[in-house]
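Data from start35.txt: compact mmCIF, N, CA and C atoms
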# COMPACT_ATOMS: atom_id res chain seq x y z
N MET A 1 0.83 -1.17 0.00
CA MET A 1 0.00 0.00 0.00
C MET A 1 0.89 1.25 0.00
N LYS A 2 0.49 2.23 -0.75
CA LYS A 2 1.23 3.47 -0.83
C LYS A 2 0.96 4.33 0.39
N THR A 3 1.94 5.17 0.73
CA THR A 3 1.75 6.12 1.81
C THR A 3 0.86 7.25 1.31
N LEU A 4 0.39 8.06 2.23
CA LEU A 4 -0.45 9.20 1.86
C LEU A 4 0.29 10.12 0.90
N GLY A 5 1.53 10.45 1.22
CA GLY A 5 2.31 11.34 0.36
C GLY A 5 2.53 10.77 -1.03
N GLN A 6 2.82 9.48 -1.10
CA GLN A 6 3.01 8.83 -2.40
C GLN A 6 1.73 8.88 -3.23
N ARG A 7 0.60 8.64 -2.57
CA ARG A 7 -0.68 8.65 -3.28
C ARG A 7 -1.02 10.06 -3.77
N ILE A 8 -0.77 11.06 -2.94
CA ILE A 8 -1.04 12.44 -3.34
C ILE A 8 -0.20 12.80 -4.57
N ARG A 9 1.08 12.46 -4.53
CA ARG A 9 1.94 12.77 -5.67
C ARG A 9 1.49 12.02 -6.92
N GLU A 10 1.13 10.77 -6.77
CA GLU A 10 0.67 9.97 -7.91
C GLU A 10 -0.56 10.63 -8.56
N LEU A 11 -1.52 11.03 -7.73
CA LEU A 11 -2.73 11.67 -8.26
C LEU A 11 -2.42 13.02 -8.90
N ARG A 12 -1.54 13.79 -8.25
CA ARG A 12 -1.16 15.10 -8.79
C ARG A 12 -0.47 14.95 -10.15
N ASP A 13 0.45 13.99 -10.24
CA ASP A 13 1.14 13.73 -11.50
C ASP A 13 0.18 13.28 -12.58
N ALA A 14 -0.79 12.45 -12.20
CA ALA A 14 -1.77 11.95 -13.18
C ALA A 14 -2.60 13.09 -13.76
N LEU A 15 -2.82 14.13 -12.97
CA LEU A 15 -3.57 15.30 -13.44
C LEU A 15 -2.66 16.36 -14.06
N ASP A 16 -1.35 16.05 -14.14
CA ASP A 16 -0.36 16.95 -14.71
C ASP A 16 -0.36 18.32 -14.03
N ILE A 17 -0.42 18.28 -12.70
CA ILE A 17 -0.36 19.50 -11.90
C ILE A 17 1.03 19.56 -11.26
N SER A 18 1.74 20.64 -11.50
CA SER A 18 3.07 20.76 -10.90
C SER A 18 2.94 20.96 -9.39
N LEU A 19 4.01 20.71 -8.70
CA LEU A 19 4.03 20.90 -7.25
C LEU A 19 3.71 22.35 -6.91
N ARG A 20 4.30 23.28 -7.62
CA ARG A 20 4.06 24.70 -7.36
C ARG A 20 2.60 25.09 -7.63
N GLU A 21 2.04 24.58 -8.72
CA GLU A 21 0.62 24.86 -9.02
C GLU A 21 -0.28 24.30 -7.92
N PHE A 22 0.01 23.09 -7.51
CA PHE A 22 -0.78 22.43 -6.47
C PHE A 22 -0.71 23.23 -5.17
N ALA A 23 0.49 23.65 -4.81
CA ALA A 23 0.68 24.45 -3.59
C ALA A 23 -0.12 25.75 -3.67
N GLN A 24 -0.10 26.40 -4.83
CA GLN A 24 -0.87 27.64 -5.01
C GLN A 24 -2.36 27.38 -4.85
N MET A 25 -2.85 26.30 -5.42
CA MET A 25 -4.27 25.95 -5.30
C MET A 25 -4.65 25.74 -3.84
N LEU A 26 -3.71 25.20 -3.07
CA LEU A 26 -3.96 24.91 -1.66
C LEU A 26 -3.67 26.10 -0.75
N GLU A 27 -3.07 27.14 -1.34
CA GLU A 27 -2.63 28.32 -0.58
C GLU A 27 -1.61 27.93 0.49
N LEU A 28 -0.67 27.07 0.06
CA LEU A 28 0.43 26.60 0.92
C LEU A 28 1.74 26.80 0.19
N SER A 29 2.84 26.69 0.90
CA SER A 29 4.14 26.78 0.24
C SER A 29 4.44 25.46 -0.47
N ALA A 30 5.21 25.56 -1.54
CA ALA A 30 5.62 24.35 -2.27
C ALA A 30 6.47 23.45 -1.36
N THR A 31 7.24 24.04 -0.49
CA THR A 31 8.08 23.27 0.44
C THR A 31 7.20 22.43 1.37
N PHE A 32 6.15 23.03 1.89
CA PHE A 32 5.25 22.30 2.79
C PHE A 32 4.59 21.14 2.07
N VAL A 33 4.11 21.38 0.85
CA VAL A 33 3.46 20.32 0.07
C VAL A 33 4.46 19.22 -0.27
N SER A 34 5.68 19.62 -0.61
CA SER A 34 6.72 18.63 -0.89
C SER A 34 6.98 17.77 0.34
N ASP A 35 7.03 18.40 1.51
CA ASP A 35 7.23 17.65 2.75
C ASP A 35 6.10 16.66 3.00
N ILE A 36 4.88 17.03 2.65
CA ILE A 36 3.74 16.11 2.79
C ILE A 36 3.95 14.91 1.87
N GLU A 37 4.31 15.19 0.62
CA GLU A 37 4.50 14.11 -0.33
C GLU A 37 5.67 13.19 0.05
N LEU A 38 6.65 13.75 0.73
CA LEU A 38 7.81 12.95 1.17
C LEU A 38 7.58 12.27 2.52
N GLY A 39 6.43 12.53 3.14
CA GLY A 39 6.10 11.91 4.42
C GLY A 39 6.76 12.57 5.61
N LYS A 40 7.32 13.77 5.42
CA LYS A 40 7.97 14.49 6.52
C LYS A 40 6.96 15.27 7.36
N ARG A 41 5.83 15.59 6.76
CA ARG A 41 4.76 16.32 7.44
C ARG A 41 3.44 15.68 7.06
N HIS A 42 2.43 16.03 7.84
CA HIS A 42 1.09 15.51 7.56
C HIS A 42 0.11 16.66 7.45
N PRO A 43 -0.80 16.59 6.49
CA PRO A 43 -1.77 17.67 6.33
C PRO A 43 -2.85 17.61 7.41
N SER A 44 -3.39 18.78 7.72
CA SER A 44 -4.54 18.83 8.62
C SER A 44 -5.73 18.23 7.89
N ASP A 45 -6.79 17.97 8.61
CA ASP A 45 -7.99 17.42 7.96
C ASP A 45 -8.54 18.37 6.90
N ASP A 46 -8.49 19.68 7.18
CA ASP A 46 -8.98 20.67 6.21
C ASP A 46 -8.14 20.66 4.93
N VAL A 47 -6.81 20.63 5.11
CA VAL A 47 -5.92 20.60 3.94
C VAL A 47 -6.11 19.30 3.17
N LEU A 48 -6.24 18.19 3.86
CA LEU A 48 -6.44 16.92 3.18
C LEU A 48 -7.74 16.93 2.38
N ALA A 49 -8.78 17.54 2.93
CA ALA A 49 -10.05 17.65 2.21
C ALA A 49 -9.89 18.49 0.95
N LYS A 50 -9.14 19.60 1.03
CA LYS A 50 -8.89 20.43 -0.15
C LYS A 50 -8.10 19.65 -1.19
N MET A 51 -7.11 18.89 -0.73
CA MET A 51 -6.31 18.08 -1.65
C MET A 51 -7.19 17.08 -2.38
N ALA A 52 -8.05 16.41 -1.62
CA ALA A 52 -8.94 15.41 -2.22
C ALA A 52 -9.81 16.04 -3.30
N LYS A 53 -10.33 17.22 -3.02
CA LYS A 53 -11.20 17.90 -3.99
C LYS A 53 -10.42 18.25 -5.26
N ILE A 54 -9.25 18.83 -5.09
CA ILE A 54 -8.43 19.21 -6.25
C ILE A 54 -8.01 17.99 -7.04
N LEU A 55 -7.66 16.92 -6.34
CA LEU A 55 -7.17 15.70 -6.99
C LEU A 55 -8.29 14.79 -7.48
N LYS A 56 -9.54 15.20 -7.21
CA LYS A 56 -10.72 14.44 -7.65
C LYS A 56 -10.68 13.01 -7.11
N GLU A 57 -10.34 12.92 -5.82
CA GLU A 57 -10.22 11.62 -5.14
C GLU A 57 -11.11 11.69 -3.88
N PRO A 58 -11.90 10.66 -3.63
CA PRO A 58 -12.71 10.68 -2.40
C PRO A 58 -11.80 10.82 -1.17
N LEU A 59 -12.19 11.68 -0.26
CA LEU A 59 -11.42 11.92 0.96
C LEU A 59 -11.18 10.61 1.71
N ALA A 60 -12.18 9.75 1.77
CA ALA A 60 -12.05 8.47 2.48
C ALA A 60 -10.93 7.62 1.88
N GLU A 61 -10.74 7.70 0.58
CA GLU A 61 -9.68 6.92 -0.07
C GLU A 61 -8.30 7.46 0.32
N LEU A 62 -8.17 8.77 0.40
CA LEU A 62 -6.89 9.34 0.83
C LEU A 62 -6.62 8.99 2.29
N LYS A 63 -7.65 9.04 3.12
CA LYS A 63 -7.47 8.73 4.54
C LYS A 63 -7.00 7.30 4.76
N LYS A 64 -7.36 6.40 3.86
CA LYS A 64 -6.90 5.01 3.97
C LYS A 64 -5.38 4.90 3.86
N CYS A 65 -4.76 5.89 3.22
CA CYS A 65 -3.31 5.88 3.03
C CYS A 65 -2.57 6.55 4.18
N ASP A 66 -3.29 7.16 5.10
CA ASP A 66 -2.67 7.87 6.23
C ASP A 66 -2.28 6.85 7.29
N THR A 67 -0.99 6.65 7.48
CA THR A 67 -0.50 5.60 8.39
C THR A 67 -0.32 6.06 9.82
N ARG A 68 -0.61 7.32 10.10
CA ARG A 68 -0.43 7.82 11.46
C ARG A 68 -1.44 7.18 12.41
N LEU A 69 -0.97 6.84 13.58
CA LEU A 69 -1.87 6.34 14.62
C LEU A 69 -2.42 7.53 15.40
N PRO A 70 -3.67 7.49 15.77
CA PRO A 70 -4.24 8.58 16.57
C PRO A 70 -3.83 8.42 18.03
N VAL A 71 -2.55 8.61 18.30
CA VAL A 71 -1.97 8.32 19.61
C VAL A 71 -2.65 9.11 20.72
N ASP A 72 -2.84 10.41 20.53
CA ASP A 72 -3.46 11.22 21.58
C ASP A 72 -4.87 10.73 21.90
N GLU A 73 -5.63 10.41 20.87
CA GLU A 73 -6.99 9.91 21.09
C GLU A 73 -6.96 8.56 21.81
N MET A 74 -6.02 7.69 21.41
CA MET A 74 -5.91 6.38 22.05
C MET A 74 -5.55 6.53 23.52
N LYS A 75 -4.66 7.47 23.85
CA LYS A 75 -4.28 7.69 25.24
C LYS A 75 -5.47 8.19 26.06
N GLN A 76 -6.26 9.10 25.48
CA GLN A 76 -7.43 9.62 26.20
C GLN A 76 -8.45 8.52 26.45
N ILE A 77 -8.68 7.69 25.46
CA ILE A 77 -9.64 6.60 25.59
C ILE A 77 -9.15 5.60 26.65
N ALA A 78 -7.86 5.25 26.57
CA ALA A 78 -7.29 4.28 27.52
C ALA A 78 -7.31 4.83 28.93
N ALA A 79 -7.08 6.13 29.10
CA ALA A 79 -7.09 6.73 30.44
C ALA A 79 -8.51 6.74 31.02
N ALA A 80 -9.49 6.91 30.17
CA ALA A 80 -10.88 6.96 30.63
C ALA A 80 -11.42 5.56 30.94
N ASP A 81 -10.91 4.55 30.24
CA ASP A 81 -11.41 3.18 30.45
C ASP A 81 -10.25 2.20 30.26
N PRO A 82 -9.71 1.66 31.34
CA PRO A 82 -8.55 0.76 31.26
C PRO A 82 -8.79 -0.46 30.37
N GLU A 83 -10.03 -0.86 30.18
CA GLU A 83 -10.29 -2.02 29.31
C GLU A 83 -9.86 -1.73 27.87
N TYR A 84 -9.95 -0.47 27.46
CA TYR A 84 -9.49 -0.13 26.11
C TYR A 84 -7.98 -0.31 26.02
N ALA A 85 -7.24 0.11 27.04
CA ALA A 85 -5.79 -0.06 27.03
C ALA A 85 -5.45 -1.55 26.92
N PHE A 86 -6.15 -2.37 27.67
CA PHE A 86 -5.94 -3.82 27.60
C PHE A 86 -6.26 -4.34 26.20
N ALA A 87 -7.36 -3.87 25.63
CA ALA A 87 -7.76 -4.31 24.29
C ALA A 87 -6.72 -3.89 23.25
N PHE A 88 -6.23 -2.65 23.32
CA PHE A 88 -5.20 -2.20 22.38
C PHE A 88 -3.96 -3.08 22.48
N ARG A 89 -3.55 -3.39 23.72
CA ARG A 89 -2.37 -4.24 23.90
C ARG A 89 -2.59 -5.63 23.33
N GLN A 90 -3.79 -6.17 23.50
CA GLN A 90 -4.10 -7.50 22.98
C GLN A 90 -4.05 -7.53 21.45
N VAL A 91 -4.55 -6.50 20.84
CA VAL A 91 -4.52 -6.41 19.38
C VAL A 91 -3.07 -6.46 18.89
N ILE A 92 -2.21 -5.71 19.58
CA ILE A 92 -0.79 -5.67 19.19
C ILE A 92 -0.10 -6.99 19.49
N GLU A 93 -0.30 -7.52 20.70
CA GLU A 93 0.38 -8.75 21.09
C GLU A 93 -0.05 -9.94 20.24
N LYS A 94 -1.31 -10.02 19.91
CA LYS A 94 -1.82 -11.15 19.13
C LYS A 94 -1.70 -10.92 17.62
N ARG A 95 -1.14 -9.76 17.27
CA ARG A 95 -0.92 -9.43 15.86
C ARG A 95 -2.20 -9.61 15.03
N VAL A 96 -3.28 -9.03 15.52
CA VAL A 96 -4.54 -9.06 14.79
C VAL A 96 -4.35 -8.28 13.50
N SER A 97 -4.77 -8.84 12.40
CA SER A 97 -4.56 -8.18 11.11
C SER A 97 -5.48 -6.97 10.96
N ALA A 98 -5.03 -6.04 10.15
CA ALA A 98 -5.85 -4.86 9.86
C ALA A 98 -7.17 -5.29 9.22
N GLU A 99 -7.09 -6.29 8.35
CA GLU A 99 -8.29 -6.79 7.69
C GLU A 99 -9.31 -7.30 8.71
N ASP A 100 -8.84 -8.07 9.70
CA ASP A 100 -9.76 -8.59 10.72
C ASP A 100 -10.34 -7.48 11.58
N LEU A 101 -9.51 -6.48 11.92
CA LEU A 101 -10.02 -5.36 12.70
C LEU A 101 -11.12 -4.61 11.94
N LEU A 102 -10.87 -4.36 10.67
CA LEU A 102 -11.86 -3.64 9.86
C LEU A 102 -13.14 -4.46 9.70
N ARG A 103 -12.99 -5.76 9.54
CA ARG A 103 -14.18 -6.63 9.45
C ARG A 103 -14.96 -6.59 10.75
N LEU A 104 -14.26 -6.60 11.87
CA LEU A 104 -14.90 -6.57 13.17
C LEU A 104 -15.72 -5.29 13.37
N VAL A 105 -15.12 -4.15 13.09
CA VAL A 105 -15.83 -2.89 13.30
C VAL A 105 -16.95 -2.67 12.28
N SER A 106 -16.88 -3.36 11.16
CA SER A 106 -17.94 -3.24 10.17
C SER A 106 -19.10 -4.21 10.45
N GLY A 107 -18.90 -5.06 11.48
CA GLY A 107 -19.95 -6.00 11.85
C GLY A 107 -19.90 -7.31 11.09
N LYS A 108 -18.86 -7.53 10.32
CA LYS A 108 -18.75 -8.77 9.53
C LYS A 108 -18.08 -9.89 10.27
N GLY A 109 -17.40 -9.58 11.38
CA GLY A 109 -16.72 -10.60 12.15
C GLY A 109 -15.42 -11.02 11.49
N PRO A 110 -14.61 -11.81 12.20
CA PRO A 110 -13.31 -12.23 11.62
C PRO A 110 -13.51 -13.18 10.45
N ARG A 111 -12.53 -13.19 9.57
CA ARG A 111 -12.63 -14.09 8.42
C ARG A 111 -12.43 -15.52 8.88
N LYS A 112 -12.98 -16.41 8.13
CA LYS A 112 -12.91 -17.84 8.46
C LYS A 112 -11.51 -18.36 8.17
N LYS A 113 -10.96 -19.13 9.09
CA LYS A 113 -9.65 -19.77 8.88
C LYS A 113 -9.85 -21.01 8.01
N SER A 114 -8.92 -21.22 7.08
CA SER A 114 -9.08 -22.42 6.22
C SER A 114 -8.13 -23.50 6.61
Serialized structure, structure tokens:
Amino acid sequence: MKTLGQRIRELRDALDISLREFAQMLELSATFVSDIELGKRHPSDDVLAKMAKILKEPLAELKKCDTRLPVDEMKQIAAADPEYAFAFRQVIEKRVSAEDLLRLVSGKGPRKKS
């Protein structure tokens, strides 16, 4: 799977938009946009939404490429309810796959073992 920055650059290149043009459309510096594409920085939700619109890509699809963990949110949840902290640790220790986690939260349950 491509990183968020790689996907943004791929879409920008496909639309033949230069980095400088893209930065102007976003009202950002070309350096900042380059850093996003290189994975050195991450866009805010508002900037990511603008990028999605310009790149004609559903925002949800771009968000799938964002590999950052919501660490602050996870800490707040775990502090409020220790069972969440235990659950997070179990997911990591048991190496639950991303596919199984997504199936679980979508209500489909874990995939069948063959």
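From atom C of Glu61 in chain A back to atom N of Ile36 in chain A, the distance works out to 16.5 Å.
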Find the smallest box with edges along x, y and z containing every listed atom of range 58-65 of chain A, then add 6 Å on each side and report centre and edge lengths in Å to one decimal, as lines of an AutoDock Vina configuration file.
center_x = -7.6
center_y = 8.4
center_z = 0.6
size_x = 22.1
size_y = 19.0
size_z = 20.4
Exercise for review: Do a neighbour search on range 24-26 of chain A at 8 Å with only N, CA and C atoms, toss out local chain neighbours closer than 2 positions, and write the hits as a list in words.
Suggested key: Ser18, Leu19, Arg20, Glu21, Phe22, Leu28, Ser29, Ala30, Val47, Lys50, Met51 and Ile54 of chain A
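For the pair atom N of Pro70 in chain A and atom N of Leu11 in chain A, the separation is 23.9 Å.
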I want to know what sits within 8 Å of Leu48 in chain A, based on all atoms listed in the file, with residues of the same chain fewer than 5 positions away left out; could you give that as a CSV table (one decimal) with N, CA and C atoms, in the frame of the given file?
chain,number,residue,atom,x,y,z
A,42,HIS,N,2.4,16.0,7.8
A,42,HIS,CA,1.1,15.5,7.6
A,42,HIS,C,0.1,16.7,7.4
A,43,PRO,N,-0.8,16.6,6.5
A,43,PRO,CA,-1.8,17.7,6.3
A,43,PRO,C,-2.8,17.6,7.4
A,53,LYS,N,-10.3,17.2,-3.0
A,53,LYS,CA,-11.2,17.9,-4.0
A,53,LYS,C,-10.4,18.2,-5.3
A,54,ILE,N,-9.2,18.8,-5.1
A,54,ILE,CA,-8.4,19.2,-6.2
A,54,ILE,C,-8.0,18.0,-7.0
A,59,LEU,N,-12.2,11.7,-0.3
A,59,LEU,CA,-11.4,11.9,1.0
A,59,LEU,C,-11.2,10.6,1.7
A,62,LEU,N,-8.2,8.8,0.4
A,62,LEU,CA,-6.9,9.3,0.8
A,62,LEU,C,-6.6,9.0,2.3
A,63,LYS,N,-7.6,9.0,3.1
A,63,LYS,CA,-7.5,8.7,4.5
A,63,LYS,C,-7.0,7.3,4.8
Exercise for review: May I ask for the distance between atom N of Phe88 in chain A and CA of Met74 in chain A, given in Å to one decimal place?
Suggested key: 9.1 Å
Exercise for review: Go through A:Val105, A:Ser44, A:Arg95, A:Cys65 one by one, measure the shortest atom-to-atom distance of each to Met1 in chain A using only N, CA and C atoms, and give the residue with the smallest value.
Suggested key: A:Cys65
Fill-in result for range 82-99 of chain A, N, CA, C and O atoms as a PDB file, keeping the file's coordinate frame:
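Here's the written file rebuild_1.pdb:
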ATOM      1  N   PRO A  82      -9.710   1.660  31.340  1.00  0.00           N
ATOM      2  CA  PRO A  82      -8.550   0.760  31.260  1.00  0.00           C
ATOM      3  C   PRO A  82      -8.790  -0.460  30.370  1.00  0.00           C
ATOM      4  O   PRO A  82      -7.831  -1.046  29.860  1.00  0.00           O
ATOM      5  N   GLU A  83     -10.030  -0.860  30.180  1.00  0.00           N
ATOM      6  CA  GLU A  83     -10.290  -2.020  29.310  1.00  0.00           C
ATOM      7  C   GLU A  83      -9.860  -1.730  27.870  1.00  0.00           C
ATOM      8  O   GLU A  83      -9.444  -2.648  27.162  1.00  0.00           O
ATOM      9  N   TYR A  84      -9.950  -0.470  27.460  1.00  0.00           N
ATOM     10  CA  TYR A  84      -9.490  -0.130  26.110  1.00  0.00           C
ATOM     11  C   TYR A  84      -7.980  -0.310  26.020  1.00  0.00           C
ATOM     12  O   TYR A  84      -7.473  -0.820  25.010  1.00  0.00           O
ATOM     13  N   ALA A  85      -7.240   0.110  27.040  1.00  0.00           N
ATOM     14  CA  ALA A  85      -5.790  -0.060  27.030  1.00  0.00           C
ATOM     15  C   ALA A  85      -5.450  -1.550  26.920  1.00  0.00           C
ATOM     16  O   ALA A  85      -4.569  -1.931  26.135  1.00  0.00           O
ATOM     17  N   PHE A  86      -6.150  -2.370  27.670  1.00  0.00           N
ATOM     18  CA  PHE A  86      -5.940  -3.820  27.600  1.00  0.00           C
ATOM     19  C   PHE A  86      -6.260  -4.340  26.200  1.00  0.00           C
ATOM     20  O   PHE A  86      -5.497  -5.117  25.617  1.00  0.00           O
ATOM     21  N   ALA A  87      -7.360  -3.870  25.630  1.00  0.00           N
ATOM     22  CA  ALA A  87      -7.760  -4.310  24.290  1.00  0.00           C
ATOM     23  C   ALA A  87      -6.720  -3.890  23.250  1.00  0.00           C
ATOM     24  O   ALA A  87      -6.351  -4.696  22.380  1.00  0.00           O
ATOM     25  N   PHE A  88      -6.230  -2.650  23.320  1.00  0.00           N
ATOM     26  CA  PHE A  88      -5.200  -2.200  22.380  1.00  0.00           C
ATOM     27  C   PHE A  88      -3.960  -3.080  22.480  1.00  0.00           C
ATOM     28  O   PHE A  88      -3.390  -3.469  21.466  1.00  0.00           O
ATOM     29  N   ARG A  89      -3.550  -3.390  23.720  1.00  0.00           N
ATOM     30  CA  ARG A  89      -2.370  -4.240  23.900  1.00  0.00           C
ATOM     31  C   ARG A  89      -2.590  -5.630  23.330  1.00  0.00           C
ATOM     32  O   ARG A  89      -1.700  -6.220  22.719  1.00  0.00           O
ATOM     33  N   GLN A  90      -3.790  -6.170  23.500  1.00  0.00           N
ATOM     34  CA  GLN A  90      -4.100  -7.500  22.980  1.00  0.00           C
ATOM     35  C   GLN A  90      -4.050  -7.530  21.450  1.00  0.00           C
ATOM     36  O   GLN A  90      -3.538  -8.486  20.857  1.00  0.00           O
ATOM     37  N   VAL A  91      -4.550  -6.500  20.840  1.00  0.00           N
ATOM     38  CA  VAL A  91      -4.520  -6.410  19.380  1.00  0.00           C
ATOM     39  C   VAL A  91      -3.070  -6.460  18.890  1.00  0.00           C
ATOM     40  O   VAL A  91      -2.742  -7.167  17.938  1.00  0.00           O
ATOM     41  N   ILE A  92      -2.210  -5.710  19.580  1.00  0.00           N
ATOM     42  CA  ILE A  92      -0.790  -5.670  19.190  1.00  0.00           C
ATOM     43  C   ILE A  92      -0.100  -6.990  19.490  1.00  0.00           C
ATOM     44  O   ILE A  92       0.582  -7.559  18.637  1.00  0.00           O
ATOM     45  N   GLU A  93      -0.300  -7.520  20.700  1.00  0.00           N
ATOM     46  CA  GLU A  93       0.380  -8.750  21.090  1.00  0.00           C
ATOM     47  C   GLU A  93      -0.050  -9.940  20.240  1.00  0.00           C
ATOM     48  O   GLU A  93       0.762 -10.803  19.901  1.00  0.00           O
ATOM     49  N   LYS A  94      -1.310 -10.020  19.910  1.00  0.00           N
ATOM     50  CA  LYS A  94      -1.820 -11.150  19.130  1.00  0.00           C
ATOM     51  C   LYS A  94      -1.700 -10.920  17.620  1.00  0.00           C
ATOM     52  O   LYS A  94      -2.115 -11.763  16.833  1.00  0.00           O
ATOM     53  N   ARG A  95      -1.140  -9.760  17.270  1.00  0.00           N
ATOM     54  CA  ARG A  95      -0.920  -9.430  15.860  1.00  0.00           C
ATOM     55  C   ARG A  95      -2.200  -9.610  15.030  1.00  0.00           C
ATOM     56  O   ARG A  95      -2.195 -10.251  13.972  1.00  0.00           O
ATOM     57  N   VAL A  96      -3.280  -9.030  15.520  1.00  0.00           N
ATOM     58  CA  VAL A  96      -4.540  -9.060  14.790  1.00  0.00           C
ATOM     59  C   VAL A  96      -4.350  -8.280  13.500  1.00  0.00           C
ATOM     60  O   VAL A  96      -3.803  -7.170  13.509  1.00  0.00           O
ATOM     61  N   SER A  97      -4.770  -8.840  12.400  1.00  0.00           N
ATOM     62  CA  SER A  97      -4.560  -8.180  11.110  1.00  0.00           C
ATOM     63  C   SER A  97      -5.480  -6.970  10.960  1.00  0.00           C
ATOM     64  O   SER A  97      -6.573  -6.910  11.552  1.00  0.00           O
ATOM     65  N   ALA A  98      -5.030  -6.040  10.150  1.00  0.00           N
ATOM     66  CA  ALA A  98      -5.850  -4.860   9.860  1.00  0.00           C
ATOM     67  C   ALA A  98      -7.170  -5.290   9.220  1.00  0.00           C
ATOM     68  O   ALA A  98      -8.236  -4.750   9.528  1.00  0.00           O
ATOM     69  N   GLU A  99      -7.090  -6.290   8.350  1.00  0.00           N
ATOM     70  CA  GLU A  99      -8.290  -6.790   7.690  1.00  0.00           C
ATOM     71  C   GLU A  99      -9.310  -7.300   8.710  1.00  0.00           C
ATOM     72  O   GLU A  99     -10.500  -6.985   8.640  1.00  0.00           O
TER      73      GLU A  99
END
